[in-house]
Each structure stands twice: as C-alpha cells, then as structure tokens.
file final.tsv (TSV, C-alpha atoms)
chain	number	residue	atom	x	y	z
Q	607	MET	CA	62.84	120.73	92.10
Q	608	PHE	CA	60.77	118.05	90.36
Q	609	TYR	CA	62.82	115.23	91.83
Q	610	GLN	CA	62.75	116.80	95.28
Q	611	GLU	CA	58.95	116.96	95.15
Q	612	ILE	CA	58.72	113.36	94.03
Q	613	ALA	CA	61.15	112.33	96.76
Q	614	PHE	CA	59.06	114.06	99.44
Q	615	ILE	CA	55.87	112.39	98.24
Q	616	CYS	CA	57.51	108.95	98.06
Q	617	GLU	CA	59.06	109.25	101.50
Q	618	PHE	CA	55.73	110.41	102.96
Q	619	CYS	CA	54.01	107.37	101.42
Q	620	GLY	CA	56.76	104.99	102.53
Q	621	PHE	CA	58.11	104.10	99.09
Q	622	ASN	CA	61.71	102.90	98.63
Q	623	LEU	CA	63.65	105.67	96.90
Q	624	GLN	CA	66.84	103.69	96.36
Q	625	TYR	CA	66.33	103.41	92.60
Q	626	MET	CA	63.82	106.22	92.01
Q	627	THR	CA	66.15	108.78	90.43
Q	628	VAL	CA	68.88	108.56	87.84
Q	629	ALA	CA	72.14	110.38	88.55
Q	630	GLU	CA	73.83	112.44	85.85
Q	631	PRO	CA	77.35	111.76	84.52
Q	632	TRP	CA	80.05	113.47	86.55
Q	633	SER	CA	80.83	117.09	85.78
Q	634	ILE	CA	84.27	117.93	84.48
Q	635	ASN	CA	85.15	119.54	87.82
Q	636	LYS	CA	84.12	116.47	89.80
Q	637	ALA	CA	86.02	114.14	87.45
Q	638	GLN	CA	89.15	116.28	87.57
Q	639	GLU	CA	89.05	116.61	91.34
Q	640	TRP	CA	88.67	112.85	91.72
Q	641	TYR	CA	91.58	112.19	89.35
Q	642	LYS	CA	93.90	114.61	91.14
Q	643	GLN	CA	93.55	112.54	94.28
Q	644	GLN	CA	94.64	109.28	92.60
Q	645	GLY	CA	98.24	109.94	91.64
Q	646	PHE	CA	99.66	107.88	88.78
Q	647	LEU	CA	97.32	104.90	88.37
Q	648	CYS	CA	99.39	101.92	87.36
Q	649	GLY	CA	98.42	98.26	87.34
Q	650	ALA	CA	97.26	95.22	85.45
Q	651	ASN	CA	94.22	93.26	84.43
Q	652	PHE	CA	94.26	90.62	87.14
Q	653	LEU	CA	93.32	86.94	87.10
Q	654	PRO	CA	95.15	84.60	89.48
Q	655	SER	CA	97.39	82.16	87.63
Q	656	THR	CA	95.35	79.23	88.97
Q	657	ALA	CA	92.14	80.37	87.22
Q	658	ILE	CA	91.25	80.02	83.55
Q	659	ASN	CA	88.45	82.61	83.66
Q	660	GLN	CA	86.27	84.81	85.86
Q	661	LEU	CA	84.14	81.90	87.07
Q	662	GLU	CA	87.11	79.83	88.18
Q	663	MET	CA	88.53	82.84	89.99
Q	664	TRP	CA	85.40	83.51	92.04
Q	665	GLN	CA	83.55	80.20	92.51
Q	666	ALA	CA	83.76	78.71	95.99
Q	667	GLU	CA	85.33	75.45	94.81
Q	668	THR	CA	88.26	77.18	93.10
Q	669	TRP	CA	88.58	80.38	95.14
Q	670	ASP	CA	92.33	80.68	95.81
Q	671	ALA	CA	93.03	83.42	98.35
Q	672	PRO	CA	96.67	82.40	99.01
Q	673	THR	CA	97.58	82.73	95.33
Q	674	ILE	CA	95.73	86.03	95.03
Q	675	ASP	CA	97.58	87.37	98.07
Q	676	LYS	CA	100.96	86.22	96.77
Q	677	GLU	CA	100.50	87.59	93.27
Q	678	LEU	CA	99.09	90.94	94.35
Q	679	GLY	CA	102.11	91.19	96.62
Q	680	TRP	CA	104.39	90.91	93.61
Q	681	ALA	CA	102.42	93.65	91.86
Q	682	SER	CA	102.67	95.96	94.84
Q	683	LYS	CA	106.44	95.53	95.07
Q	684	ILE	CA	106.89	97.00	91.60
Q	685	GLY	CA	104.64	99.97	92.29
Q	686	MET	CA	101.31	98.80	90.90
Q	687	ASN	CA	98.39	100.33	92.75
Q	688	VAL	CA	95.30	99.28	90.78
Q	689	MET	CA	93.97	96.03	89.32
Q	690	ARG	CA	91.17	95.68	86.77
Q	691	VAL	CA	89.19	92.57	87.72
Q	692	TYR	CA	86.30	90.85	85.95
Q	693	LEU	CA	83.12	89.66	87.64
Q	694	HIS	CA	80.35	87.45	86.19
Q	695	ASP	CA	76.58	87.52	86.43
Q	696	LEU	CA	76.37	83.73	86.98
Q	697	LEU	CA	78.22	84.16	90.27
Q	698	TRP	CA	75.38	86.36	91.50
Q	699	LYS	CA	72.76	83.92	90.21
Q	700	ASP	CA	74.45	80.96	91.94
Q	701	ASN	CA	74.73	82.55	95.40
Q	702	GLY	CA	74.82	86.32	95.60
Q	703	GLU	CA	75.63	86.56	99.29
Q	704	ASP	CA	78.60	84.20	99.03
Q	705	PHE	CA	79.81	86.07	95.96
Q	706	LEU	CA	79.70	89.39	97.80
Q	707	ALA	CA	81.60	87.84	100.69
Q	708	ARG	CA	84.38	86.66	98.38
Q	709	MET	CA	84.50	90.09	96.72
Q	710	ASP	CA	84.90	91.61	100.18
Q	711	ALA	CA	87.67	89.14	101.01
Q	712	PHE	CA	89.41	89.97	97.73
Q	713	LEU	CA	89.20	93.69	98.44
Q	714	THR	CA	90.70	93.11	101.88
Q	715	ILE	CA	93.65	91.27	100.34
Q	716	ALA	CA	94.14	93.99	97.74
Q	717	GLN	CA	93.97	96.70	100.38
Q	718	SER	CA	96.70	94.97	102.36
Q	719	HIS	CA	98.95	95.58	99.34
Q	720	ASP	CA	97.77	99.18	98.80
Q	721	ILE	CA	95.97	98.17	95.62
Q	722	ARG	CA	92.53	99.43	94.61
Q	723	ILE	CA	90.19	97.65	92.24
Q	724	LEU	CA	88.42	98.59	89.02
Q	725	PHE	CA	85.70	95.94	88.70
Q	726	VAL	CA	84.34	94.91	85.29
Q	727	ILE	CA	80.64	93.96	85.27
Q	728	PHE	CA	79.92	92.61	81.76
Q	729	ASP	CA	82.09	91.45	78.84
Q	730	ASP	CA	81.32	90.59	75.19
Q	731	CYS	CA	84.64	88.83	74.52
Q	732	TRP	CA	85.50	85.19	73.84
Q	733	ASN	CA	83.32	82.14	74.59
Q	734	GLN	CA	79.62	82.86	74.20
Q	735	ASN	CA	78.04	80.23	76.44
Q	736	PRO	CA	79.27	80.53	80.03
Q	737	GLN	CA	78.36	77.74	82.41
Q	738	ALA	CA	78.83	77.70	86.16
Q	739	GLY	CA	80.65	74.77	87.76
Q	740	LYS	CA	83.82	73.05	86.67
Q	741	GLN	CA	85.63	74.99	83.97
Q	742	PRO	CA	87.56	73.46	81.04
Q	743	ASN	CA	91.28	72.88	81.02
Q	744	PRO	CA	93.34	75.24	78.87
Q	745	LEU	CA	93.82	74.34	75.22
Q	746	PRO	CA	97.57	74.04	74.62
Q	747	TYR	CA	99.18	77.26	73.41
Q	748	VAL	CA	95.82	79.02	72.91
Q	749	HIS	CA	95.36	82.58	74.17
Q	750	ASN	CA	92.50	82.87	76.69
Q	751	SER	CA	90.97	79.56	75.60
Q	752	GLY	CA	88.62	79.37	78.59
Q	753	TRP	CA	87.54	83.00	78.98
Q	754	VAL	CA	83.77	83.48	78.93
Q	755	GLN	CA	81.42	86.30	78.05
Q	756	SER	CA	79.10	87.81	80.62
Q	757	PRO	CA	76.19	87.45	80.24
Q	758	GLY	CA	76.75	85.95	76.76
Q	759	VAL	CA	75.22	87.15	73.49
Q	760	ALA	CA	72.06	85.04	73.88
Q	761	LYS	CA	71.13	87.12	76.93
Q	762	VAL	CA	72.51	90.36	75.53
Q	763	ASN	CA	70.14	89.99	72.59
Q	764	ASN	CA	67.12	88.93	74.68
Q	765	PRO	CA	65.65	91.73	76.82
Q	766	GLU	CA	63.39	89.21	78.56
Q	767	THR	CA	66.46	88.02	80.50
Q	768	TRP	CA	67.50	91.48	81.66
Q	769	ASP	CA	65.56	91.59	84.92
Q	770	ALA	CA	68.05	89.16	86.44
Q	771	LEU	CA	70.95	91.21	85.06
Q	772	GLU	CA	69.53	94.38	86.59
Q	773	THR	CA	69.28	92.64	89.97
Q	774	TYR	CA	72.93	91.58	89.67
Q	775	VAL	CA	74.21	95.04	88.72
Q	776	LYS	CA	72.26	96.88	91.37
Q	777	GLY	CA	72.95	94.24	94.01
Q	778	VAL	CA	76.72	94.43	93.58
Q	779	LEU	CA	76.96	98.20	93.19
Q	780	THR	CA	74.62	98.90	96.11
Q	781	HIS	CA	76.61	96.63	98.42
Q	782	PHE	CA	79.92	98.35	97.62
Q	783	LYS	CA	78.72	101.87	96.72
Q	784	ASP	CA	80.71	103.55	99.52
Q	785	ASP	CA	83.73	101.23	99.53
Q	786	GLU	CA	86.95	103.22	99.19
Q	787	ARG	CA	88.84	100.06	98.22
Q	788	ILE	CA	87.11	100.23	94.85
Q	789	LEU	CA	88.56	102.68	92.33
Q	790	GLY	CA	85.56	102.49	90.00
Q	791	TRP	CA	83.22	100.35	87.93
Q	792	ASP	CA	83.98	99.38	84.33
Q	793	LEU	CA	80.44	98.44	83.38
Q	794	TYR	CA	80.96	96.67	80.06
Q	795	ASN	CA	84.18	95.43	78.48
Q	796	GLU	CA	84.39	95.88	74.71
Q	797	PRO	CA	80.66	95.98	73.94
Q	798	GLY	CA	80.03	94.50	70.52
Q	799	ASN	CA	83.28	92.52	70.35
Q	800	GLY	CA	82.71	88.85	69.66
Q	801	THR	CA	80.41	87.12	67.21
Q	802	SER	CA	76.67	87.56	67.33
Q	803	GLY	CA	75.75	83.93	68.00
Q	804	ASP	CA	73.43	84.07	64.99
Q	805	ALA	CA	74.45	81.38	62.49
Q	806	SER	CA	72.03	82.85	59.95
Q	807	MET	CA	74.16	86.01	59.98
Q	808	GLY	CA	77.34	84.08	59.33
Q	809	GLU	CA	78.48	84.58	62.93
Q	810	ASP	CA	79.18	88.24	62.24
Q	811	LYS	CA	80.30	90.66	64.91
Q	812	GLN	CA	77.82	91.43	67.64
Q	813	GLY	CA	78.43	95.14	67.08
Q	814	ALA	CA	75.58	97.55	67.77
Q	815	ARG	CA	73.33	94.72	68.98
Q	816	SER	CA	74.98	95.30	72.37
Q	817	LEU	CA	74.03	98.97	72.54
Q	818	PRO	CA	70.56	98.49	74.10
Q	819	LEU	CA	71.95	96.47	77.01
Q	820	LEU	CA	74.90	98.84	77.33
Q	821	LYS	CA	72.48	101.73	77.78
Q	822	LYS	CA	70.49	99.78	80.36
Q	823	VAL	CA	73.59	98.92	82.37
Q	824	PHE	CA	74.54	102.57	82.66
Q	825	GLN	CA	70.98	103.42	83.63
Q	826	TRP	CA	70.93	100.72	86.33
Q	827	ALA	CA	74.22	102.00	87.74
Q	828	ARG	CA	72.96	105.59	87.77
Q	829	GLU	CA	69.89	104.45	89.70
Q	830	VAL	CA	71.99	103.19	92.60
Q	831	ASN	CA	71.51	105.92	95.16
Q	832	GLY	CA	74.73	107.30	96.60
Q	833	LEU	CA	77.20	105.47	94.35
Q	834	SER	CA	80.50	107.13	95.23
Q	835	GLN	CA	82.81	105.61	92.62
Q	836	PRO	CA	82.97	106.64	88.94
Q	837	ILE	CA	81.45	104.47	86.23
Q	838	THR	CA	82.95	104.00	82.80
Q	839	ALA	CA	83.33	101.64	79.86
Q	840	GLY	CA	86.26	101.71	77.50
Q	841	LEU	CA	86.46	102.75	73.87
Q	842	TRP	CA	88.22	99.89	72.16
Q	843	ILE	CA	87.69	100.38	68.43
Q	844	GLU	CA	87.36	103.35	66.06
Q	845	GLN	CA	85.65	101.81	63.04
Q	846	GLU	CA	82.57	103.53	61.68
Q	847	GLU	CA	80.12	100.78	62.64
Q	848	TRP	CA	80.93	101.43	66.31
Q	849	THR	CA	80.11	105.15	66.09
Q	850	ASP	CA	76.91	104.91	68.12
Q	851	ILE	CA	78.48	102.81	70.86
Q	852	ASN	CA	81.51	105.09	71.11
Q	853	ALA	CA	79.36	108.22	71.22
Q	854	PHE	CA	77.35	106.75	74.08
Q	855	LEU	CA	80.47	105.73	76.01
Q	856	LEU	CA	82.02	109.17	75.58
Q	857	SER	CA	78.92	111.00	76.79
Q	858	GLN	CA	77.99	108.74	79.69
Q	859	SER	CA	81.27	107.74	81.35
Q	860	ASP	CA	82.31	109.67	84.46
Q	861	ILE	CA	85.95	109.17	83.51
Q	862	LEU	CA	87.19	108.18	80.07
Q	863	THR	CA	88.83	104.82	79.44
Q	864	PHE	CA	90.21	103.22	76.31
Q	865	HIS	CA	92.18	100.23	75.01
Q	866	SER	CA	95.24	100.29	72.79
Q	867	TYR	CA	97.77	97.61	71.96
Q	868	ASP	CA	99.46	99.89	69.44
Q	869	PRO	CA	103.06	101.08	69.53
Q	870	PRO	CA	103.53	104.23	71.64
Q	871	ILE	CA	103.08	106.88	68.95
Q	872	LYS	CA	99.85	105.37	67.64
Q	873	MET	CA	98.63	104.77	71.17
Q	874	LEU	CA	99.18	108.41	72.08
Q	875	GLU	CA	97.45	109.58	68.91
Q	876	ARG	CA	94.46	107.45	69.85
Q	877	ALA	CA	94.46	108.83	73.38
Q	878	GLU	CA	94.50	112.39	72.04
Q	879	ARG	CA	91.52	111.64	69.78
Q	880	VAL	CA	89.57	110.30	72.74
Q	881	LYS	CA	90.46	113.29	74.92
Q	882	ALA	CA	89.55	115.74	72.16
Q	883	GLN	CA	85.98	114.45	72.11
Q	884	ARG	CA	85.41	115.27	75.79
Q	885	LYS	CA	88.05	117.80	76.69
Q	886	GLY	CA	89.29	117.99	80.25
Q	887	TYR	CA	88.05	114.63	81.44
Q	888	PRO	CA	90.64	112.26	82.96
Q	889	LEU	CA	91.76	109.30	80.88
Q	890	ILE	CA	92.90	105.78	81.79
Q	891	CYS	CA	94.16	103.16	79.37
Q	892	THR	CA	92.61	99.98	80.77
Q	893	GLU	CA	94.28	97.60	78.30
Q	894	TYR	CA	97.72	97.88	76.70
Q	895	MET	CA	101.03	95.97	76.49
Q	896	GLY	CA	101.37	93.32	73.83
Q	897	ARG	CA	105.05	92.80	73.15
Q	898	THR	CA	104.71	91.37	69.65
Q	899	ALA	CA	102.42	94.29	68.71
Q	900	GLY	CA	105.07	96.81	69.73
Q	901	SER	CA	103.33	97.80	72.97
Q	902	THR	CA	105.80	97.61	75.86
Q	903	PHE	CA	106.33	98.77	79.42
Q	904	ARG	CA	109.48	100.73	78.60
Q	905	TYR	CA	107.86	102.97	76.01
Q	906	ASN	CA	104.06	102.75	76.28
Q	907	MET	CA	103.96	102.94	80.05
Q	908	SER	CA	106.32	105.92	79.99
Q	909	VAL	CA	104.19	107.74	77.42
Q	910	LEU	CA	101.03	107.16	79.43
Q	911	LYS	CA	102.57	108.47	82.63
Q	912	ASN	CA	104.17	111.48	80.94
Q	913	HIS	CA	100.78	112.49	79.50
Q	914	GLY	CA	98.85	112.05	82.72
Q	915	ILE	CA	97.04	108.90	81.59
Q	916	GLY	CA	96.50	105.91	83.87
Q	917	ALA	CA	98.13	102.67	82.71
Q	918	ILE	CA	96.58	99.20	83.21
Q	919	ASN	CA	98.28	96.51	81.16
Q	920	TRP	CA	96.85	93.12	80.26
Q	921	GLY	CA	98.00	90.34	82.52
Q	922	LEU	CA	100.04	89.96	85.68
Q	923	VAL	CA	101.11	86.33	86.16
Q	924	SER	CA	101.41	83.78	83.37
Q	925	GLY	CA	98.90	81.03	84.17
Q	926	LYS	CA	95.88	79.10	82.95
Q	927	SER	CA	94.60	81.98	80.82
Q	928	GLN	CA	97.73	81.53	78.67
Q	929	THR	CA	97.84	85.13	77.55
Q	930	ILE	CA	101.58	84.83	77.08
Q	931	TYR	CA	100.56	83.47	73.66
Q	932	PRO	CA	99.51	85.99	70.99
Q	933	TRP	CA	95.97	86.16	69.64
Q	934	GLY	CA	95.43	83.40	67.09
Q	935	TRP	CA	98.37	81.29	68.31
Q	936	SER	CA	98.14	77.49	68.16
Q	937	GLU	CA	99.84	74.33	69.39
Q	938	GLN	CA	101.33	73.83	65.93
Q	939	LYS	CA	103.29	77.06	66.32
Q	940	GLY	CA	104.86	76.01	69.62
Q	941	THR	CA	106.53	78.45	71.99
Q	942	PRO	CA	106.46	82.00	70.58
Q	943	PRO	CA	109.74	83.86	70.14
Q	944	LEU	CA	108.37	86.64	72.35
Q	945	TYR	CA	105.67	86.36	75.00
Q	946	PHE	CA	102.64	88.55	74.36
Q	947	HIS	CA	101.13	89.56	77.76
Q	948	ASP	CA	101.88	89.16	81.49
Q	949	VAL	CA	104.68	90.25	83.79
Q	950	PHE	CA	105.64	87.32	86.04
Q	951	HIS	CA	106.18	83.58	85.99
Q	952	THR	CA	104.26	81.64	88.64
Q	953	ASP	CA	107.34	81.62	90.88
Q	954	GLY	CA	107.52	85.43	90.91
Q	955	ARG	CA	110.35	85.77	88.39
Q	956	PHE	CA	109.88	88.35	85.64
Q	957	LEU	CA	109.14	86.93	82.21
Q	958	TYR	CA	111.76	89.40	81.02
Q	959	PRO	CA	114.16	90.56	83.77
Q	960	SER	CA	114.94	93.80	81.93
Q	961	GLU	CA	111.33	94.90	82.43
Q	962	GLU	CA	111.76	95.01	86.19
Q	963	LYS	CA	114.10	98.00	85.90
Q	964	ASP	CA	111.78	99.69	83.39
Q	965	ILE	CA	108.69	99.35	85.57
Q	966	LEU	CA	110.42	100.37	88.78
Q	967	ALA	CA	111.84	103.46	87.10
Q	968	ILE	CA	108.42	104.53	85.82
Q	969	THR	CA	106.47	103.83	89.02
Q	970	GLY	CA	109.21	105.29	91.20
Q	971	LYS	CA	109.20	102.19	93.38
Q	972	GLY	CA	112.86	101.58	92.66
Q	973	ALA	CA	113.78	104.90	94.25
Q	974	GLU	CA	112.25	103.99	97.61

call {"tool": "encode", "arguments": {"input": "final.tsv", "output": "structure tokens"}}
result
Amino acid sequence: MFYQEIAFICEFCGFNLQYMTVAEPWSINKAQEWYKQQGFLCGANFLPSTAINQLEMWQAETWDAPTIDKELGWASKIGMNVMRVYLHDLLWKDNGEDFLARMDAFLTIAQSHDIRILFVIFDDCWNQNPQAGKQPNPLPYVHNSGWVQSPGVAKVNNPETWDALETYVKGVLTHFKDDERILGWDLYNEPGNGTSGDASMGEDKQGARSLPLLKKVFQWAREVNGLSQPITAGLWIEQEEWTDINAFLLSQSDILTFHSYDPPIKMLERAERVKAQRKGYPLICTEYMGRTAGSTFRYNMSVLKNHGIGAINWGLVSGKSQTIYPWGWSEQKGTPPLYFHDVFHTDGRFLYPSEEKDILAITGKGAE
C-alpha cells in the first residue's frame, strides 16, 4: 500500500516513476514457471572468432555481423539455443545509441537461428585497464590475453564513478526490458575474481571489495520498471572469503547460476550444494567444459541435462581469444596435447569430430 500511495502522489505531481520502486527477487513459483517454458537450455559463451574481447566484438570499427551470423548458425545446427554474451560499459560511454543498435542487430541475427541471449553486464576477470579503440593483438599461445574487465577495479573501488555505471545499466536494461529475444541478464561475472589493482596490497585478489558495487548493480536492475527477464549472477567459488558475496548472490538472483570446470561428479556435487541453499529455484551452469580439467561434453553436458540444469559451456569457435589454450599456458609450451575450450575451428569443423555425435545426442538435434 505504501508504494501505491507514493506512486499516486508522484503521478499526480508529474514525477517520473521509472526508477522510483525496487522490485523484489522472483518468487519460487515465478522462477519455476519461467524455467518450465525454456526446455533444455544449451549453449556457449559466445565471442566471434574475429574479436579478442568484448570491445572488439561490439565497437563499430570491428563489428563483424557476417561472422556472427555464420558462427551462430553452426551453434544452432548442433542444437544450441542460448548464448552468454559479454557487454562493456565503455561501449555505452562511447556512443550509447549506436551500441544499442548493434545489440539489436545482434539479437536479430541470434533470433534467426532460434538462439536467445544471456547478456553479461560487468566482469572482474583478466585485464584491469580497459581502453576503447584499437585492441591489442593476441599474445601467442596465451589464454584470453586480450580480455578486459568491466568496468575495471579502479572504478569498482571508486564509488564516485558509479553514476555513469548506473546510467549504463539502466539504459541498456530499460531499452530491452520487454525483449523476448533476451533470456536474462547476468549482472556481474565472477565478482571479486582478479587482482585488486592495489600494489600496496601485493596485488591480492579483489575479493569482497566488489560486493558494494555488486549490490548496487542488483539495485539498479530492480529499479528498472517492468523488467521482464530474470536477473542473476553466478556463484563461481566456494572459499570462505567469498561467503558474503555468495550469500548475496543466492538471495538476490531470480534464477540460480554457477560455474564449474570440475569433472562430472564434482560438478554435480557443487550443483547440489547450490540448489540446497535455495531449494526449488532453477539452476543454470553458465560456465563449464575444460577438456584438460576433465570437464567434457560427453559426460558433463549429459549430467547437467539429466538433472534439469541448463548447460552453457565456455567458447564456441577457436579464434583471437585463444581459449583453446589452458589457463597459464605459454608460447614456450607450444601446442597443447588437448585443447581446453571451444567447439569449432574457424572453418566450421569440430575441434574434435567425436564431440559432434555427443552433442547431437544430448541436444536431440541428431534425431531430427
């Protein structure tokens, strides 16, 4: 009743109510009903092979619609129906309207392949100092050598910069709040992962320093009136120092998401621990599949499907991100005996032909 009274007064006085109230996390019934309508969610974290990072994917000078169309087509043919895709706050700062137009164009391409998108808003991983414009060339044999944080720890740790971040979050979510091509919003990838940027601290992990911004991002999203898609952020680590972050993510996400590059038994145990902390809520694994870590399509993807958990692996096409190389790999080590991430070569061939049969069997695409 309180909010209704405030709304009446504000409308009478001509105030903009778009961000006046804060929505609550989805109820278990709403989350379950939403999940029932999705079917088996299966896909990949997507970056076109011609881009080294989020900025190169989306900037006007390097926007590559033909490659995106081609590569999403390959994904669709093996039964993938969702892609997790990273955005970047600098794209909004550079030219928000053009950025929204390219997002719309991307969604149109994805829709033509019956693929929906889980957009990622912020990310604490990899290079701390993102810069718009020309991006670096890949470092030979180095995993994700050009990937950049958003907004970067300097801004994460400086609340005076957050007004611009709030404008970005609310601008993007408001524009697409009713868009059925969007599966949901992953508001913050691996909050706390990456070094703090503070040399005096020995470049220790960012950790709980990211919690204040994480809380604000969820608040900003809740303030977008009429947002139809679920919001979430994934649990990615179980160590004690991340207790506060994990507790917040568990309580505030509309649907639960998590990361696991473990072999299937350990992955399932982790999934069960997550589910036990908020029983009945749907669960999606938004990062898995690292061959040298024992996480594979044949076994991990099967386990996820059999337990009603969505499955989004890391990487689709081997390209400039070089995630075929394991974490910590180097030029001195040369070609690894087993590629780490990704499904396809740039010509559409499978990195491992045997995986085609595995994926088609699990998605059911092979039976069509």

call {"tool": "closest_residue", "arguments": {"input": "final.tsv", "among": "Q:Leu820, Q:Leu697, Q:Leu661, Q:Ala877", "to": "Lys740 in chain Q", "atoms": "only C-alpha atoms"}}
result
Q:Leu661

call {"tool": "closest_residue", "arguments": {"input": "final.tsv", "among": "Q:Gly840, Q:Gly685, Q:Arg879, Q:Ala716", "to": "Lys963 in chain Q", "atoms": "all atoms listed in the file"}}
result
Q:Gly685

call {"tool": "closest_residue", "arguments": {"input": "final.tsv", "among": "Q:Val762, Q:Asp769, Q:Asp695, Q:Asp964", "to": "Gln737 in chain Q", "atoms": "all atoms listed in the file"}}
result
Q:Asp695

call {"tool": "residues_around", "arguments": {"input": "final.tsv", "residues": "Gly813 in chain Q", "least_positions_apart": "2", "cutoff": "9 Å", "atoms": "all atoms listed in the file", "output": "CSV table (one decimal) with C-alpha atoms, in the frame of the given file"}}
result
chain,number,residue,atom,x,y,z
Q,797,PRO,CA,80.7,96.0,73.9
Q,798,GLY,CA,80.0,94.5,70.5
Q,799,ASN,CA,83.3,92.5,70.4
Q,800,GLY,CA,82.7,88.8,69.7
Q,801,THR,CA,80.4,87.1,67.2
Q,802,SER,CA,76.7,87.6,67.3
Q,810,ASP,CA,79.2,88.2,62.2
Q,811,LYS,CA,80.3,90.7,64.9
Q,815,ARG,CA,73.3,94.7,69.0
Q,816,SER,CA,75.0,95.3,72.4
Q,817,LEU,CA,74.0,99.0,72.5
Q,847,GLU,CA,80.1,100.8,62.6
Q,848,TRP,CA,80.9,101.4,66.3
Q,851,ILE,CA,78.5,102.8,70.9

call {"tool": "atom_distance", "arguments": {"input": "final.tsv", "atom1": "CA of Lys872 in chain Q", "atom2": "CA of Gln755 in chain Q"}}
result
28.5 Å

call {"tool": "closest_residue", "arguments": {"input": "final.tsv", "among": "Q:Met895, Q:Val688, Q:Leu693, Q:Ile788", "to": "Leu647 in chain Q", "atoms": "all atoms listed in the file"}}
result
Q:Val688

call {"tool": "atom_distance", "arguments": {"input": "final.tsv", "atom1": "CA of Trp664 in chain Q", "atom2": "CA of Ile727 in chain Q"}}
result
13.3 Å

call {"tool": "residues_around", "arguments": {"input": "final.tsv", "residues": "Gln660 in chain Q", "least_positions_apart": "3", "cutoff": "10 Å", "atoms": "only C-alpha atoms", "output": "MDAnalysis selection string"}}
result
chainID Q and resid 652:654 657 663:665 691:694 697 752:756

call {"tool": "atom_distance", "arguments": {"input": "final.tsv", "atom1": "CA of Asp700 in chain Q", "atom2": "CA of Pro836 in chain Q"}}
result
27.2 Å

call {"tool": "residues_around", "arguments": {"input": "final.tsv", "residues": "Ser834 in chain Q", "least_positions_apart": "2", "cutoff": "7 Å", "atoms": "only C-alpha atoms", "output": "number ranges by chain"}}
result
Q: 783-784, 832, 836

call {"tool": "closest_residue", "arguments": {"input": "final.tsv", "among": "Q:Pro869, Q:Gly934, Q:Glu766, Q:Leu862", "to": "Gln638 in chain Q", "atoms": "all atoms listed in the file"}}
result
Q:Leu862

call {"tool": "closest_residue", "arguments": {"input": "final.tsv", "among": "Q:Lys636, Q:Arg708, Q:Arg955, Q:Arg787", "to": "Glu667 in chain Q", "atoms": "all atoms listed in the file"}}
result
Q:Arg708

call {"tool": "residues_near_point", "arguments": {"input": "final.tsv", "point": "(93.2, 85.9, 73.1)", "cutoff": "8 Å", "atoms": "only C-alpha atoms", "output": "list in words"}}
result
Trp732, Val748, His749, Asn750, Ser751, Thr929, Tyr931, Pro932, Trp933 and Gly934 of chain Q

call {"tool": "residues_around", "arguments": {"input": "final.tsv", "residues": "Gly970 in chain Q", "least_positions_apart": "4", "cutoff": "9 Å", "atoms": "only C-alpha atoms", "output": "list in words"}}
result
Ile684, Gly685, Ile965, Leu966 and Glu974 of chain Q

call {"tool": "residues_around", "arguments": {"input": "final.tsv", "residues": "range 901-909 of chain Q", "least_positions_apart": "3", "cutoff": "8 Å", "atoms": "all atoms listed in the file", "output": "PyMOL selection string"}}
result
chain Q and resi 867-870+873-874+894-898+912-913+917+961+964-965+968
